[in-house]
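Take a look at the structure set out below.
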Amino acid sequence: MGAPSPELCNLWLARAFNAQDVEAAAAMYHPEASIVQVDEVHGGSSVARGADGIRKTMAAYIGMKPHMDVVTHHTTVSGDFAMTRSQWLIKGTDEHGKPTEVHHHGMEVHRRLPDGTWVFFMDHPFGADPDWAVEAPPHTE
């Protein structure tokens, strides 16, 4: 199950989260996809790969009983691949039942499937966070 355009992948993922539907969320990813896991949700940063890793990652988000809001700021398409930059906010509950929020700026690579729909292929949920910025890059020789 993919979205009709790369711009809609983030929105459709948010809808799956809001419906607390692990299967729908996992179906938004290519079977060979990779996703960076978020410290606040997964207890550390690591990369989940493949269908099993993606499903476990999505289950952790859904376990928060989340409501996700998202906006896609930018999309670049080249052939069967697209890159998006998103900003998202998830409000839910932590493992102790306390309210929690996770807010990041993501970078995503999407892949067009043979049926013409789009799915996530690489997902870095905090890859565009502004705190990664430096005042200026170091001098290159």
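Here's how to read the names in the structure tokens: chain A, B, ... by the order shown, residue numbers from 1 in each chain, ligand numbers from 1 in the order shown.
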
A:Gly43 surroundings by only C-alpha atoms, 12 Å radius, close-in-sequence under 5 positions cut, as a list in words: Val36, Gln37, Val38, Thr57, Ala60, Tyr61, Asp94 and Glu95 of chain A

Filtering to C-alpha atoms, could you give me those residues as a short mmCIF file (atom, residue, chain, number, x, y, z; two decimals), in the first residue's frame?
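Saved as result.cif:
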data_model
loop_
_atom_site.label_atom_id
_atom_site.label_comp_id
_atom_site.auth_asym_id
_atom_site.auth_seq_id
_atom_site.Cartn_x
_atom_site.Cartn_y
_atom_site.Cartn_z
CA VAL A 36 16.58 5.76 11.79
CA GLN A 37 14.94 5.11 15.14
CA VAL A 38 14.23 8.07 17.44
CA THR A 57 9.68 0.54 14.66
CA ALA A 60 6.83 1.37 19.07
CA TYR A 61 5.27 4.57 17.72
CA ASP A 94 5.14 7.14 27.36
CA GLU A 95 5.59 3.65 28.84
#

8 Å contact set for A:Asp129, only C-alpha atoms, chain neighbours under 4 positions out, as number ranges by chain: A: 104-106, 133

Could you save the residues just selected, with all heavy atoms, as a PDB file, in the first residue's frame?
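Output file part_1.pdb is given in full below:
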ATOM      1  N   HIS A 104      10.216  16.598  15.397  1.00  0.00           N
ATOM      2  CA  HIS A 104      11.459  16.631  14.616  1.00  0.00           C
ATOM      3  C   HIS A 104      11.197  17.123  13.204  1.00  0.00           C
ATOM      4  O   HIS A 104      10.065  17.253  12.763  1.00  0.00           O
ATOM      5  CB  HIS A 104      12.095  15.236  14.549  1.00  0.00           C
ATOM      6  CG  HIS A 104      12.722  14.796  15.829  1.00  0.00           C
ATOM      7  ND1 HIS A 104      13.863  15.359  16.336  1.00  0.00           N
ATOM      8  CD2 HIS A 104      12.354  13.843  16.717  1.00  0.00           C
ATOM      9  CE1 HIS A 104      14.194  14.763  17.465  1.00  0.00           C
ATOM     10  NE2 HIS A 104      13.281  13.846  17.725  1.00  0.00           N
ATOM     11  N   HIS A 105      12.301  17.356  12.499  1.00  0.00           N
ATOM     12  CA  HIS A 105      12.303  17.725  11.083  1.00  0.00           C
ATOM     13  C   HIS A 105      12.971  16.566  10.354  1.00  0.00           C
ATOM     14  O   HIS A 105      14.154  16.298  10.569  1.00  0.00           O
ATOM     15  CB  HIS A 105      13.115  19.007  10.859  1.00  0.00           C
ATOM     16  CG  HIS A 105      12.582  20.181  11.620  1.00  0.00           C
ATOM     17  ND1 HIS A 105      11.858  21.172  11.023  1.00  0.00           N
ATOM     18  CD2 HIS A 105      12.654  20.504  12.927  1.00  0.00           C
ATOM     19  CE1 HIS A 105      11.519  22.072  11.922  1.00  0.00           C
ATOM     20  NE2 HIS A 105      11.994  21.680  13.095  1.00  0.00           N
ATOM     21  N   GLY A 106      12.215  15.890   9.494  1.00  0.00           N
ATOM     22  CA  GLY A 106      12.725  14.680   8.863  1.00  0.00           C
ATOM     23  C   GLY A 106      13.177  14.875   7.431  1.00  0.00           C
ATOM     24  O   GLY A 106      12.825  15.843   6.764  1.00  0.00           O
ATOM     25  N   ALA A 133      22.754  22.035  12.635  1.00  0.00           N
ATOM     26  CA  ALA A 133      23.398  23.075  11.851  1.00  0.00           C
ATOM     27  C   ALA A 133      24.643  23.625  12.544  1.00  0.00           C
ATOM     28  O   ALA A 133      24.736  23.626  13.781  1.00  0.00           O
ATOM     29  CB  ALA A 133      22.416  24.220  11.599  1.00  0.00           C
TER      30      ALA A 133
END

Closest atom pairs, stretch 24-90 of chain A residues within 12 Å of stretch 123-127 of chain A, only C-alpha atoms, as CSV:
residue,atom,partner,partner_atom,distance
A:Met28,CA,A:Asp123,CA,11.1
A:Tyr29,CA,A:Asp123,CA,9.2
A:His30,CA,A:Asp123,CA,10.8
A:Glu32,CA,A:Asp123,CA,11.8
A:Ala33,CA,A:Asp123,CA,8.0
A:Ser34,CA,A:Asp123,CA,6.4
A:Ile35,CA,A:Asp123,CA,4.6
A:Val36,CA,A:His124,CA,5.1
A:Gln37,CA,A:Pro125,CA,7.6
A:Val38,CA,A:Pro125,CA,7.1
A:Asp39,CA,A:Phe126,CA,10.1
A:Glu40,CA,A:Phe126,CA,11.3
A:Val41,CA,A:Pro125,CA,11.4
A:Ser45,CA,A:Phe126,CA,10.3
A:Ser46,CA,A:His124,CA,10.5
A:Val47,CA,A:His124,CA,9.1
A:Ala48,CA,A:Asp123,CA,9.9
A:Arg49,CA,A:Asp123,CA,10.4
A:Ile54,CA,A:Asp123,CA,10.3
A:Thr57,CA,A:Asp123,CA,11.5
A:Val70,CA,A:Pro125,CA,11.4
A:Ala82,CA,A:Asp123,CA,11.7
A:Met83,CA,A:Asp123,CA,9.7
A:Thr84,CA,A:Asp123,CA,9.6
A:Arg85,CA,A:Gly127,CA,8.8
A:Ser86,CA,A:Pro125,CA,8.3
A:Gln87,CA,A:Pro125,CA,8.7
A:Trp88,CA,A:Pro125,CA,8.5
A:Leu89,CA,A:Pro125,CA,10.6
A:Ile90,CA,A:Pro125,CA,11.6

A:Pro66, A:Cys9, A:His42, A:Val134 ranked by distance to A:Asp21, top pick (using only C-alpha atoms): A:Pro66

Looking only at the backbone, which of the residues in chain A does DSSP tag as helix (DSSP H, G or I), as a compact mmCIF listing (two decimals) with all heavy atoms, in the first residue's frame?
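result-v8.txt written:
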# COMPACT_ATOMS: atom_id res chain seq x y z
N PRO A 6 4.75 11.22 -3.62
CA PRO A 6 5.66 11.26 -2.47
C PRO A 6 5.22 12.28 -1.42
O PRO A 6 5.41 12.05 -0.23
CB PRO A 6 7.01 11.63 -3.08
CG PRO A 6 6.78 11.96 -4.49
CD PRO A 6 5.42 11.52 -4.88
N GLU A 7 4.60 13.38 -1.85
CA GLU A 7 4.15 14.40 -0.90
C GLU A 7 3.12 13.84 0.09
O GLU A 7 3.01 14.31 1.21
CB GLU A 7 3.51 15.58 -1.62
CG GLU A 7 4.43 16.37 -2.50
CD GLU A 7 4.55 15.80 -3.92
OE1 GLU A 7 3.92 14.77 -4.23
OE2 GLU A 7 5.30 16.40 -4.71
N LEU A 8 2.36 12.85 -0.35
CA LEU A 8 1.31 12.29 0.50
C LEU A 8 1.79 11.17 1.41
O LEU A 8 1.06 10.76 2.31
CB LEU A 8 0.14 11.81 -0.36
CG LEU A 8 -0.66 12.93 -1.02
CD1 LEU A 8 -1.73 12.36 -1.94
CD2 LEU A 8 -1.30 13.83 0.03
N CYS A 9 3.00 10.67 1.21
CA CYS A 9 3.50 9.59 2.06
C CYS A 9 3.49 9.98 3.54
O CYS A 9 3.06 9.21 4.39
CB CYS A 9 4.90 9.15 1.64
SG CYS A 9 4.95 8.18 0.13
N ASN A 10 3.98 11.18 3.85
CA ASN A 10 4.02 11.62 5.25
C ASN A 10 2.61 11.73 5.82
O ASN A 10 2.35 11.32 6.96
CB ASN A 10 4.76 12.95 5.36
CG ASN A 10 6.23 12.81 5.12
OD1 ASN A 10 6.89 11.97 5.72
ND2 ASN A 10 6.77 13.61 4.22
N LEU A 11 1.68 12.28 5.04
CA LEU A 11 0.30 12.43 5.50
C LEU A 11 -0.34 11.06 5.73
O LEU A 11 -0.99 10.85 6.75
CB LEU A 11 -0.52 13.23 4.49
CG LEU A 11 -2.00 13.38 4.82
CD1 LEU A 11 -2.21 14.14 6.12
CD2 LEU A 11 -2.72 14.08 3.66
N TRP A 12 -0.14 10.14 4.82
CA TRP A 12 -0.74 8.82 4.97
C TRP A 12 -0.14 8.06 6.15
O TRP A 12 -0.83 7.32 6.83
CB TRP A 12 -0.63 8.02 3.67
CG TRP A 12 -1.59 8.49 2.61
CD1 TRP A 12 -2.08 9.76 2.44
CD2 TRP A 12 -2.18 7.71 1.59
NE1 TRP A 12 -2.92 9.80 1.36
CE2 TRP A 12 -3.01 8.56 0.82
CE3 TRP A 12 -2.07 6.37 1.23
CZ2 TRP A 12 -3.73 8.11 -0.27
CZ3 TRP A 12 -2.79 5.93 0.13
CH2 TRP A 12 -3.61 6.78 -0.60
N LEU A 13 1.16 8.27 6.40
CA LEU A 13 1.77 7.67 7.58
C LEU A 13 1.14 8.25 8.85
O LEU A 13 0.82 7.52 9.78
CB LEU A 13 3.28 7.88 7.59
CG LEU A 13 4.03 7.29 8.78
CD1 LEU A 13 3.90 5.76 8.81
CD2 LEU A 13 5.50 7.70 8.74
N ALA A 14 0.95 9.57 8.88
CA ALA A 14 0.32 10.21 10.05
C ALA A 14 -1.09 9.65 10.26
O ALA A 14 -1.48 9.38 11.40
CB ALA A 14 0.27 11.72 9.86
N ARG A 15 -1.82 9.44 9.20
CA ARG A 15 -3.17 8.89 9.33
C ARG A 15 -3.14 7.48 9.91
O ARG A 15 -4.00 7.12 10.72
CB ARG A 15 -3.89 8.90 7.99
CG ARG A 15 -4.29 10.30 7.57
CD ARG A 15 -4.98 10.30 6.23
NE ARG A 15 -5.44 11.63 5.88
CZ ARG A 15 -5.88 11.95 4.67
NH1 ARG A 15 -5.91 11.05 3.71
NH2 ARG A 15 -6.28 13.18 4.43
N ALA A 16 -2.15 6.68 9.51
CA ALA A 16 -2.01 5.32 10.06
C ALA A 16 -1.68 5.40 11.55
O ALA A 16 -2.23 4.63 12.35
CB ALA A 16 -0.94 4.54 9.31
N PHE A 17 -0.78 6.32 11.94
CA PHE A 17 -0.47 6.50 13.36
C PHE A 17 -1.72 6.91 14.13
O PHE A 17 -2.01 6.36 15.19
CB PHE A 17 0.60 7.58 13.54
CG PHE A 17 2.01 7.13 13.32
CD1 PHE A 17 2.31 5.96 12.63
CD2 PHE A 17 3.05 7.87 13.81
CE1 PHE A 17 3.62 5.56 12.44
CE2 PHE A 17 4.37 7.49 13.62
CZ PHE A 17 4.65 6.33 12.93
N ASN A 18 -2.46 7.88 13.59
CA ASN A 18 -3.64 8.40 14.28
C ASN A 18 -4.73 7.34 14.42
O ASN A 18 -5.50 7.37 15.38
CB ASN A 18 -4.16 9.64 13.58
CG ASN A 18 -3.16 10.79 13.64
OD1 ASN A 18 -2.20 10.76 14.42
ND2 ASN A 18 -3.36 11.79 12.82
N VAL A 22 -0.75 -0.40 13.05
CA VAL A 22 0.64 -0.78 12.79
C VAL A 22 0.81 -1.29 11.37
O VAL A 22 1.78 -0.95 10.68
CB VAL A 22 1.12 -1.85 13.80
CG1 VAL A 22 2.51 -2.37 13.45
CG2 VAL A 22 1.10 -1.29 15.22
N GLU A 23 -0.12 -2.11 10.90
CA GLU A 23 0.01 -2.71 9.56
C GLU A 23 -0.04 -1.64 8.48
O GLU A 23 0.73 -1.69 7.52
CB GLU A 23 -1.07 -3.77 9.34
CG GLU A 23 -0.96 -4.95 10.29
CD GLU A 23 0.43 -5.58 10.36
OE1 GLU A 23 1.09 -5.73 9.30
OE2 GLU A 23 0.88 -5.92 11.47
N ALA A 24 -0.94 -0.66 8.61
CA ALA A 24 -1.03 0.41 7.63
C ALA A 24 0.24 1.27 7.65
O ALA A 24 0.73 1.68 6.60
CB ALA A 24 -2.26 1.28 7.87
N ALA A 25 0.77 1.53 8.84
CA ALA A 25 2.01 2.31 8.94
C ALA A 25 3.17 1.56 8.29
O ALA A 25 3.92 2.12 7.50
CB ALA A 25 2.32 2.62 10.40
N ALA A 26 3.32 0.28 8.61
CA ALA A 26 4.41 -0.52 8.04
C ALA A 26 4.27 -0.66 6.53
O ALA A 26 5.28 -0.70 5.81
CB ALA A 26 4.45 -1.89 8.71
N ASP A 39 15.44 8.39 19.52
CA ASP A 39 15.77 8.14 20.93
C ASP A 39 14.55 8.15 21.84
O ASP A 39 14.36 7.25 22.66
CB ASP A 39 16.75 9.20 21.45
CG ASP A 39 18.14 9.09 20.84
OD1 ASP A 39 18.48 8.02 20.31
OD2 ASP A 39 18.89 10.08 20.90
N GLU A 40 13.71 9.19 21.70
CA GLU A 40 12.58 9.37 22.61
C GLU A 40 11.56 8.24 22.52
O GLU A 40 10.80 8.01 23.45
CB GLU A 40 11.84 10.69 22.33
CG GLU A 40 12.69 11.92 22.46
CD GLU A 40 13.23 12.39 21.13
OE1 GLU A 40 13.53 11.56 20.24
OE2 GLU A 40 13.37 13.62 20.97
N VAL A 41 11.53 7.53 21.41
CA VAL A 41 10.55 6.46 21.20
C VAL A 41 11.18 5.08 21.36
O VAL A 41 10.61 4.18 21.95
CB VAL A 41 9.90 6.58 19.80
CG1 VAL A 41 8.90 5.44 19.56
CG2 VAL A 41 9.22 7.93 19.63
N HIS A 42 12.41 4.93 20.85
CA HIS A 42 13.04 3.62 20.78
C HIS A 42 14.17 3.41 21.79
O HIS A 42 14.77 2.36 21.83
CB HIS A 42 13.56 3.37 19.36
CG HIS A 42 12.48 3.49 18.34
ND1 HIS A 42 12.26 4.65 17.63
CD2 HIS A 42 11.52 2.62 17.95
CE1 HIS A 42 11.23 4.48 16.83
NE2 HIS A 42 10.76 3.26 17.00
N GLY A 50 14.54 -3.42 6.68
CA GLY A 50 13.69 -4.49 6.21
C GLY A 50 12.33 -4.49 6.86
O GLY A 50 12.05 -3.74 7.79
N ALA A 51 11.46 -5.35 6.35
CA ALA A 51 10.06 -5.38 6.77
C ALA A 51 9.90 -5.62 8.27
O ALA A 51 9.09 -4.96 8.92
CB ALA A 51 9.29 -6.43 5.96
N ASP A 52 10.67 -6.56 8.84
CA ASP A 52 10.54 -6.84 10.27
C ASP A 52 10.98 -5.65 11.12
O ASP A 52 10.32 -5.28 12.09
CB ASP A 52 11.33 -8.09 10.66
CG ASP A 52 10.71 -9.37 10.14
OD1 ASP A 52 9.50 -9.37 9.80
OD2 ASP A 52 11.45 -10.37 10.06
N GLY A 53 12.11 -5.03 10.75
CA GLY A 53 12.60 -3.87 11.48
C GLY A 53 11.65 -2.70 11.39
O GLY A 53 11.42 -1.99 12.38
N ILE A 54 11.08 -2.49 10.21
CA ILE A 54 10.12 -1.40 10.03
C ILE A 54 8.88 -1.64 10.88
O ILE A 54 8.38 -0.75 11.56
CB ILE A 54 9.75 -1.23 8.54
CG1 ILE A 54 10.98 -0.83 7.72
CG2 ILE A 54 8.60 -0.24 8.37
CD1 ILE A 54 11.63 0.47 8.09
N ARG A 55 8.37 -2.86 10.85
CA ARG A 55 7.15 -3.16 11.62
C ARG A 55 7.39 -2.94 13.12
O ARG A 55 6.55 -2.37 13.81
CB ARG A 55 6.68 -4.60 11.37
CG ARG A 55 5.32 -4.82 12.00
CD ARG A 55 4.78 -6.22 11.77
NE ARG A 55 3.41 -6.31 12.23
CZ ARG A 55 3.02 -6.14 13.49
NH1 ARG A 55 3.88 -5.84 14.44
NH2 ARG A 55 1.75 -6.26 13.83
N LYS A 56 8.55 -3.36 13.65
CA LYS A 56 8.85 -3.15 15.07
C LYS A 56 8.96 -1.66 15.38
O LYS A 56 8.52 -1.20 16.44
CB LYS A 56 10.14 -3.87 15.45
CG LYS A 56 9.99 -5.38 15.50
CD LYS A 56 11.31 -6.05 15.79
CE LYS A 56 11.16 -7.57 15.72
NZ LYS A 56 12.44 -8.26 15.82
N THR A 57 9.55 -0.91 14.47
CA THR A 57 9.68 0.54 14.66
C THR A 57 8.30 1.19 14.70
O THR A 57 8.01 2.02 15.57
CB THR A 57 10.54 1.15 13.54
OG1 THR A 57 11.83 0.52 13.56
CG2 THR A 57 10.69 2.65 13.70
N MET A 58 7.45 0.81 13.76
CA MET A 58 6.09 1.38 13.72
C MET A 58 5.30 0.97 14.97
O MET A 58 4.54 1.77 15.52
CB MET A 58 5.35 0.92 12.46
CG MET A 58 5.97 1.42 11.16
SD MET A 58 6.04 3.21 11.01
CE MET A 58 7.79 3.52 11.25
N ALA A 59 5.47 -0.26 15.43
CA ALA A 59 4.76 -0.73 16.63
C ALA A 59 5.14 0.11 17.85
O ALA A 59 4.29 0.39 18.70
CB ALA A 59 5.04 -2.21 16.88
N ALA A 60 6.40 0.53 17.94
CA ALA A 60 6.83 1.37 19.07
C ALA A 60 6.12 2.72 19.02
O ALA A 60 5.67 3.23 20.06
CB ALA A 60 8.34 1.55 19.06
N TYR A 61 6.01 3.31 17.83
CA TYR A 61 5.27 4.57 17.72
C TYR A 61 3.80 4.37 18.08
O TYR A 61 3.23 5.15 18.86
CB TYR A 61 5.36 5.12 16.29
CG TYR A 61 6.64 5.82 15.97
CD1 TYR A 61 7.54 5.28 15.06
CD2 TYR A 61 6.94 7.05 16.54
CE1 TYR A 61 8.71 5.93 14.73
CE2 TYR A 61 8.11 7.72 16.23
CZ TYR A 61 9.00 7.15 15.31
OH TYR A 61 10.15 7.80 15.00
N ILE A 62 3.18 3.34 17.52
CA ILE A 62 1.76 3.09 17.77
C ILE A 62 1.52 2.80 19.25
O ILE A 62 0.48 3.13 19.80
CB ILE A 62 1.24 1.93 16.89
CG1 ILE A 62 1.44 2.24 15.40
CG2 ILE A 62 -0.21 1.60 17.20
CD1 ILE A 62 0.75 3.45 14.86
N PRO A 130 17.19 21.45 13.05
CA PRO A 130 18.08 22.62 13.00
C PRO A 130 19.25 22.54 13.98
O PRO A 130 20.26 23.20 13.75
CB PRO A 130 17.15 23.79 13.33
CG PRO A 130 15.92 23.21 13.91
CD PRO A 130 15.84 21.79 13.44
N ASP A 131 19.16 21.74 15.03
CA ASP A 131 20.28 21.69 15.97
C ASP A 131 21.49 20.96 15.40
O ASP A 131 22.56 20.96 16.00
CB ASP A 131 19.86 21.11 17.32
CG ASP A 131 19.28 19.71 17.23
OD1 ASP A 131 18.79 19.33 16.16
OD2 ASP A 131 19.29 19.01 18.25
N TRP A 132 21.36 20.37 14.21
CA TRP A 132 22.52 19.78 13.54
C TRP A 132 23.33 20.84 12.80
O TRP A 132 24.45 20.60 12.39
CB TRP A 132 22.06 18.74 12.52
CG TRP A 132 21.59 17.45 13.08
CD1 TRP A 132 20.77 17.25 14.15
CD2 TRP A 132 21.90 16.16 12.59
NE1 TRP A 132 20.55 15.92 14.35
CE2 TRP A 132 21.23 15.22 13.40
CE3 TRP A 132 22.68 15.69 11.54
CZ2 TRP A 132 21.31 13.85 13.19
CZ3 TRP A 132 22.74 14.32 11.33
CH2 TRP A 132 22.08 13.42 12.15

DSSP-assigned strand (DSSP E or B) members of chain A, reported as a ChimeraX atom specification: /A:3,29-36,47-49,67-78,81-93,99-112,118-124

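Taking atom CA of A:Leu113 and atom CA of A:Pro4 as endpoints, the distance between them is 10.2 Å.
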
Extract, using only C-alpha atoms, all DNA, RNA and protein residues at most 10 Å from A:Lys91, discarding same-chain residues fewer than 2 positions from it, and format them as a compact mmCIF listing (two decimals) with N, CA and C atoms, in the first residue's frame.
# COMPACT_ATOMS: atom_id res chain seq x y z
N MET A 64 2.58 4.36 21.62
CA MET A 64 2.41 5.64 22.31
C MET A 64 0.96 6.13 22.24
N LYS A 65 0.10 5.40 21.55
CA LYS A 65 -1.27 5.86 21.29
C LYS A 65 -1.21 7.29 20.74
N PRO A 66 -0.53 7.44 19.61
CA PRO A 66 -0.15 8.78 19.14
C PRO A 66 -1.25 9.52 18.38
N HIS A 67 -1.07 10.83 18.38
CA HIS A 67 -1.68 11.67 17.37
C HIS A 67 -0.52 12.39 16.69
N MET A 68 -0.42 12.22 15.38
CA MET A 68 0.69 12.81 14.62
C MET A 68 0.15 13.90 13.71
N ASP A 69 0.82 15.04 13.74
CA ASP A 69 0.59 16.13 12.79
C ASP A 69 1.85 16.25 11.96
N LEU A 89 5.04 16.28 14.50
CA LEU A 89 4.83 16.33 15.94
C LEU A 89 3.95 15.15 16.32
N THR A 93 1.53 8.98 24.82
CA THR A 93 1.87 8.66 26.21
C THR A 93 3.11 7.78 26.22
N ASP A 94 3.95 7.97 27.24
CA ASP A 94 5.14 7.14 27.36
C ASP A 94 4.79 5.81 28.02
N PRO A 99 1.87 11.90 29.54
CA PRO A 99 1.85 12.57 28.23
C PRO A 99 3.27 12.88 27.75
N THR A 100 3.50 12.72 26.47
CA THR A 100 4.81 13.01 25.89
C THR A 100 4.63 13.58 24.49
N GLU A 101 5.63 14.33 24.04
CA GLU A 101 5.65 14.88 22.69
C GLU A 101 7.00 14.60 22.06
N VAL A 102 6.98 14.27 20.77
CA VAL A 102 8.19 14.09 19.99
C VAL A 102 8.02 14.95 18.75
N HIS A 103 8.98 15.86 18.51
CA HIS A 103 8.88 16.82 17.41
C HIS A 103 10.23 16.87 16.70

Separation of atom CA of A:Gly63 from atom CA of A:Gly2, in Å and rounded to one decimal: 22.5 Å

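Near stretch 114-116 of chain A, within 10 Å and counting only C-alpha atoms, sit Met1, Gly2, Ala3, Pro4, Ser5, Asp80, Arg111 and Val119 of chain A, not including residues fewer than 3 positions from it in the same chain.
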
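From atom CA of A:Trp118 back to atom CA of A:Thr72, the distance works out to 14.6 Å.
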